[in-house]
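First up is the structure itself, then whatever we jot down about it.
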Protein chains: 2
Amino acid sequence: MTPEVELVTTGAELLNGSVVNRHAQWLGDELGRLGWRLVRDTTVADDRDAIRDALFSALARTGVVVVTGGLGPTSDDVTREVAAEWAGTGLVMHEPSRQVVIDLYRRRQKPLNDTVERHALVVEGAQVLDNRHGLAPGEYLCRNDRHLFLLPGPPREFQGVMRDHVLPWMMARNAGGQGKKLVFQVSGMGESDIAARLTQMGMDALRIDVAYCALPARVTIRVAELPGSPDDVIRAESMIREALGSSLYSDREEAIEQTVVRQLGARALTLAVAESCTGGMVGQRITALPGSSAVFRGGVIAYANDVKTGLLGVRAETLARCGAVSEEVAGQMAEGARRVAASDYAIAVTGIAGPDGGTAEKPVGLVYIALADSQTTISRELRLGGGRETIREAAASLSLDLLRLRLSGLA
Amino acid sequence: MTPEVELVTTGAELLNGSVVNRHAQWLGDELGRLGWRLVRDTTVADDRDAIRDALFSALARTGVVVVTGGLGPTSDDVTREVAAEWAGTGLVMHEPSRQVVIDLYRRRQKPLNDTVERHALVVEGAQVLDNRHGLAPGEYLCRNDRHLFLLPGPPREFQGVMRDHVLPWMMARNAGGQGKKLVFQVSGMGESDIAARLTQMGMDALRIDVAYCALPARVTIRVAELPGSPDDVIRAESMIREALGSSLYSDREEAIEQTVVRQLGARALTLAVAESCTGGMVGQRITALPGSSAVFRGGVIAYANDVKTGLLGVRAETLARCGAVSEEVAGQMAEGARRVAASDYAIAVTGIAGPDGGTAEKPVGLVYIALADSQTTISRELRLGGGRETIREAAASLSLDLLRLRLSGLA
């Protein structure tokens with residue numbers, strides 16, 4: 001089987017400007033790691049004729065087709081009907097899935113109705129793929145060596161059912177090409193700077209597959225072996241380690257907060273935060289990780305200046321002299337958070353995220369981060385580009401990275 | 001002309017996991033404001049056969065087709081060749097565009113070469129759409145009442161040439177058909193409950209276009225007029241308002257934090273937060289909005305219990321008697337945040353987001369939210385489903401919704 005997949009994404013919200021379609025990026029990334037390839041994404045609204053046309057032509061072109069969306073209970077959920085038409089069957093009620101719906105409604109003491117039970121309708125003859133994250137199960141159909149997967153549309157459910165059922169199916173079916181694959185996470189360097197350094201070291205001459213993926217203040221480099229040149233991956237690894245050094249924060253598929261929470265947990269150390277322009281983002285990212293309560297104590301969202309003085313003990317004189325966006329205030333915020341939350345470490349962020357509030361002297365994108373521990377307080381000035389969310393994301397990541405460097409003895 | 005557009009997006013980076021395709025969301029939003037509709041997005045790699053298939057079938061279905069990408073100078077830029085094949089012509093050098101390339105290279109003192117001049121190759125007979133943001137111009141071709149636009153792929157260039165040339169063309173051509181479109185934002189009700197209520201009221205009999213989009217604790221209902229039945233949208237609106245009542249939080253394309261920040265700003269009132277299981281998410285969502293500093297003062301991330309007592313004044317006796325996840329603690333957290341941040345309102349969230357930490361008495365998904373103002377403190381018990389992030393998202397949204405209800409005199 002050619003390891004190629006087409007994606008058909010359904011949902012009016014993806015075409016009317018409401019929502020960015022992230023399914024193709026996520027799936028392309030996952031498939032790449034299994035040696036499969038996403039060759040097309042077709043996005044159509046919840047319209048029976050459009051879905052039929054997209055689905056039937058995808059199945060005519062490509063051996064494996066993944067459809068997302070349209071498995072819910074409402075009248076615009078028509079994917080099942082179209083899939084049944086393709087399979088030449090009808091819809092049936094899947095009793096185990098119906099029981100899941102009934103049990104959930106009973107537990108929540110909500111009245112059941114016919115509409116909600118439609119979640120459990122499946123194509124007759126389909127293999128049902130249970131969904132631990134929602135009510136509508138996934139489905140798998142095979143006809144004439146064409147493989148059709150129906151997946152729920154909400155990203156969490158789509159990714160969950162893909163991980164539980166579809167990616168393992170694909171992994172099992174890709175015979176060759178399971179070469180060595182390496183991941184490098186880089187903090188605080190731009191994609192083109194990284195690429196320029198690696199080119200200079202001669203990495204372009206290696207027979208490897210390299211992909212860069214850039215996020216604010218983070219670049220992921222994925223290197224995969226090509227058939228016949230197993231040593232070139234090893235050479236690439238030493239070039240990357242030499243070129244990027246302490247900017248490499250992890251060799252796993254993880255964000256900086258995961259690295260830091262793991263480092264702290266291993267040494268039974270605790271962390272607090274003091275956030276101004278990020279407004280809670282650092283705390284939110286840390287607490288998104290299950291088990292972060294072992295290391296994270298909390299902190300202060302010090303958006304207004306008198307919250308900085310009142311709760312964190314930032315001196316009014318420093319605020320008046322240096323301004324809220326300054327190295328001095330960042331340092332006092334970190335020290336204050338460490339003191340009030342009684343933690344081993346505290347990180348602080350204060351800056352101008354824009355779009356307004358910038359001046360010639362302190363432009364949008366100017367951010368100070370600081371780290372306090374029992375011995376010292378260190379801070380960094382950042383000059384960040386991009387819009388408000390990019391600046392906030394980068395500032396949050398780099399404040400966590402400052403802690404990573406400190407914990408590793410590099411700051 | 002039916003005001004419908006198909007988008008064909010080209011680029012390997014959109015399918016291999018490197019980049020999220022945002023063209024469809026941007027274009028759908030712009031078109032919606034002009035009364036046009038994006039009906040499909042097909043994303044393919046830089047592959048001549050795939051682009052030909054996608055382009056030719058889009059032009060067979062739909063009157064206006066926009067293609068992005070593949071206008072650059074390298075060997076994988078093949079969109080022009082495919083468009084020339086469709087138009088039955090060839091490629092020619094466009095001298096004014098070539099001069100732009102030459103001038104730029106001269107100014108930057110970079111050596112010219114044949115490859116870079118390929119930027120100025122266009123389809124013979126195409127109208128050239130100048131690109132103020134890059135080197136490759138856009139192009140417009142019309143054959144047999146089919147309209148084909150070729151646009152550069154980088155978002156800034158795509159959006160620039162669209163704004164300069166293509167959107168004005170579309171605006172000029174959409175005579176009638178600005179059908180009525182309504183948006184309803186629903187807080188705290190599930191998609192199937194909403195659909196069941198609306199079915200019961202007879203909405204299925206109306207000739208309208210309805211789409212539901214569900215997020216944690218939020219459902220967006222979009223209703224659009226179908227040709228020939230203008231009154232049915234009005235009927236749908238009164239059914240929705242009657243069926244959903246105070247669960248309707250907005251009739252704009254916005255999240256609950258936008259509604260609440262607008263409500264507070266209009267009355268010059270301020271807000272603080274006290275967050276346990278959400279860990280900063282409420283503050284992060286509020287501060288993602290530019291200008292939120294006018295109403296948001298900050299607050300406390302009270303993840304550990306002694307941060308709840310130390311910074312927020314939650315009584316140790318209450319914590320011992322009721323537990324951290326309790327109505328009483330939520331209330332004291334809100335009161336403490338309001339006091340320490342000197343705000344008009346404060347909202348608090350404490351709960352069990354899982355996956356661990358649940359008990360028979362206090363299961364995963366049990367969350368208490370509270371709201372304190374100068375007159376009273378109110379709280380709500382929530383029983384939320386889904387995984388850790390869904391529970392946190394829903395809890396954050398519903399705490400903001402409690403404030404919305406209070407500000408509207410409904411709680």
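Numbering starts fresh at 1 for the residues of each chain in the structure tokens, the chains themselves are lettered A, B, ... in the order given, and ligands are numbered from 1 as they appear.
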
Practice item. Do a least-squares overlay of chain B on chain A, C-alpha atoms all paired in order, then report the RMSD in Å. Key: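 The RMSD between chain B and chain A over C-alpha atoms is 4.7 Å.
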
**Study point:** Contact set, chain B to chain A: 6 Å, only C-alpha atoms, as an MDAnalysis selection string
**Key:** chainID B and resid 15:18 20 22 25:26 28:29 38 40:44 192 196 279:281 283:284 287 297:304 307 341 386

**Study point:** Close residues, region 323-333 of chain B itself excluded, 8 Å, only C-alpha atoms, min 6 positions apart in chain, as a ChimeraX atom specification
**Key:** /B:274,305,308,312-315,348-352,366-372,377-381

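Our summary of the geometry notes that CA of Glu393 (chain B) is positioned 28.5 Å from CA of Met239 (chain B).
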
Point to revise | DSSP-assigned alpha helix (DSSP H) members of region 16-194 of chain A, reported as a ChimeraX atom specification | key: /A:23-34,48-61,79-87,95-107,114-117,155-161,167-173,191-194

Check your understanding: Excluding same-chain residues fewer than 4 positions from Ser246 (chain B), what lies within 9 Å of it counting only C-alpha atoms, as a PyMOL selection string?
Key -> chain B and resi 186-187+241+405+410

Save the residues we just selected, all heavy atoms, as a CSV table (one decimal), in the first residue's frame?
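Produced file result.csv, reproduced below:
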```csv
chain,number,residue,atom,x,y,z
B,186,VAL,N,-23.9,30.8,22.6
B,186,VAL,CA,-24.6,30.1,23.7
B,186,VAL,C,-23.5,29.6,24.7
B,186,VAL,O,-22.6,29.0,24.4
B,186,VAL,CB,-25.4,28.9,23.2
B,186,VAL,CG1,-26.4,28.5,24.3
B,186,VAL,CG2,-26.2,29.3,22.0
B,187,SER,N,-23.8,30.0,26.0
B,187,SER,CA,-22.9,29.6,27.0
B,187,SER,C,-23.5,28.5,27.9
B,187,SER,O,-24.7,28.6,28.3
B,187,SER,CB,-22.5,30.8,27.9
B,187,SER,OG,-21.7,30.4,28.9
B,241,ARG,N,-34.1,32.9,20.4
B,241,ARG,CA,-34.1,33.7,21.6
B,241,ARG,C,-35.1,33.2,22.6
B,241,ARG,O,-34.8,33.2,23.8
B,241,ARG,CB,-34.5,35.2,21.2
B,241,ARG,CG,-33.5,35.8,20.3
B,241,ARG,CD,-33.5,37.3,20.4
B,241,ARG,NE,-32.5,37.9,19.6
B,241,ARG,CZ,-31.2,38.1,19.9
B,241,ARG,NH1,-30.8,37.7,21.1
B,241,ARG,NH2,-30.3,38.5,19.1
B,405,LEU,N,-23.7,37.2,33.5
B,405,LEU,CA,-25.1,37.1,34.0
B,405,LEU,C,-25.3,38.2,35.1
B,405,LEU,O,-26.4,38.8,35.1
B,405,LEU,CB,-25.3,35.7,34.5
B,405,LEU,CG,-25.4,34.6,33.5
B,405,LEU,CD1,-25.4,33.2,34.1
B,405,LEU,CD2,-26.7,34.8,32.7
B,410,LEU,N,-28.9,39.0,35.7
B,410,LEU,CA,-29.5,37.7,35.6
B,410,LEU,C,-29.0,36.7,36.7
B,410,LEU,O,-29.3,35.5,36.7
B,410,LEU,CB,-29.3,37.1,34.2
B,410,LEU,CG,-30.0,37.9,33.1
B,410,LEU,CD1,-29.4,37.5,31.7
B,410,LEU,CD2,-31.5,37.7,33.0
```

Revision key, fill the gap. What separates CA of Glu139 (chain B) and CA of Arg106 (chain B) is a distance of 25.3 Å

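Distance-wise, CA of Gly35 (chain B) and CA of Thr79 (chain A) end up 27.0 Å apart.
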